[in-house]
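Asks: Below is a structure I'd like to ask you about.
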Amino acid sequence: MMRAVHLLAIAGLIVACSPAPTATPTHTHTATAQPPIATETAAPPTATLTPSPTVTATATERPTHTPSPVPSDTPSATAPRPTAIPATAVPTATSTVVRAAAPVFPATGIGAWDPADFRKEIGELYNNTQTYRTNLQKVLERQSDSSCRALYTYTDELYHGQRGYSDVPDAWYPAYYEYRVMVTDAFAALAPLAVKCPRSREPNDGQYSAEDAALSIPVLDGILNRVPQILAETAGLP
């Protein structure tokens, strides 16, 4: 019995003096348990990844909203301005047209425009020219003597009788202008004869040279050829 008691006492001392094997595994469990906690703390990086896409999404929305209104407003404001410029250019072009003044004599009677009266006047120019041209042809052919009285009858009609007009419409103005030019040219062509012709009331009529009279023939023939053409050209005008 005593021996068994000693053995138990020795065994207790050995157990008490030797380091306990169970303390080592308990420290190893606590050491291994702490690393998992450190690995679970790495999970927050996944939480920081979620806000980063939301920040980039709001950054892309701002540029798309601001540039779109700017280009759409500027063309609409500038588009009407170019279209208004040609409208103001048309009246200025028509208002700058200036017609050449038709030649008239100081004694020319000027009346209000009348198409029927103009046709009558240009017809009288033809008839008077034809009458004097026939008389002149007889003088050239020595069938008759030159007559100052016949000359002045024609030139007085040119100077006093052939009327002028005011406010002639644009459609009629080329014909009216040409009519006044023909009257003036005929009077100028016969002026050399009038200088040599005495204007007197004596029974004896004065004479002029047939050679001088021949110089006016091209002008007189031009009137006789042109007047019928003018009447035909203006026949359809109101």
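Letters A, B, ... go to the chains of the structure tokens in the order shown; residues in each chain start at 1; ligands are counted from 1 in the same order.
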Could you name the residues that touch Arg180 (chain A) at 9 Å or less, counting only C-alpha atoms, but leaving out those on the same chain fewer than 2 positions away, as a compact mmCIF listing (two decimals) with C-alpha atoms, in the first residue's frame?
Replies:
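Final output, saved to out.txt:
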# COMPACT_ATOMS: atom_id res chain seq x y z
CA ALA A 102 -36.80 112.38 -123.56
CA PRO A 103 -35.65 115.44 -125.57
CA VAL A 104 -38.19 118.25 -125.93
CA GLN A 162 -45.55 117.37 -131.79
CA ARG A 163 -46.60 116.94 -128.17
CA GLY A 164 -44.64 115.59 -125.23
CA ALA A 175 -41.50 104.07 -127.88
CA TYR A 176 -42.15 107.55 -126.50
CA TYR A 177 -38.45 108.26 -126.10
CA GLU A 178 -37.73 107.18 -129.69
CA MET A 182 -37.02 111.37 -134.22
CA VAL A 183 -38.74 114.75 -133.87
CA THR A 184 -35.54 116.37 -132.63
CA ASP A 185 -33.35 114.77 -135.31
Asks: Between CA of Arg133 (chain A) and CA of Ile223 (chain A), what is the distance in Å, rounded to a tenth?
Replies: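 CA of Ile223 (chain A) lies 10.5 Å from CA of Arg133 (chain A).
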Asks: Work out how far apart CA of Thr155 (chain A) and CA of Phe187 (chain A) are and give it in Å to one decimal.
Replies: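 Between these atoms lies a distance of 6.0 Å.
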Asks: One number please: CA of Leu140 (chain A) to CA of Ile230 (chain A), in Å, one decimal.
Replies: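 Those two atoms sit 29.0 Å apart.
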Asks: Between A:Ser144, A:Thr134, A:Ala171, A:Gly111, which has the minimum distance to Ala235 (chain A) (counting only C-alpha atoms)?
Replies: A:Ala171
Asks: Choose the residue, out of A:Phe105, A:Tyr152, A:Phe118, A:Tyr159, that has the smallest atom-to-atom separation from Tyr179 (chain A); count only C-alpha atoms.
Replies: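 That would be A:Phe118, the residue with the smallest distance to Tyr179 (chain A).
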Asks: Select, from A:Cys148, A:Leu220, A:Val168, A:Ala232, the residue with the minimum atom-to-atom distance to Cys197 (chain A), counting only C-alpha atoms.
Replies: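 Closest to Cys197 (chain A) of all the choices is A:Cys148.
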Asks: Go through A:Asn127, A:His160, A:Ser146, A:Pro228 and flag the residue nearest Ser209 (chain A), using only C-alpha atoms for the distances.
Replies: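 Closest to Ser209 (chain A) of all the choices is A:Ser146.
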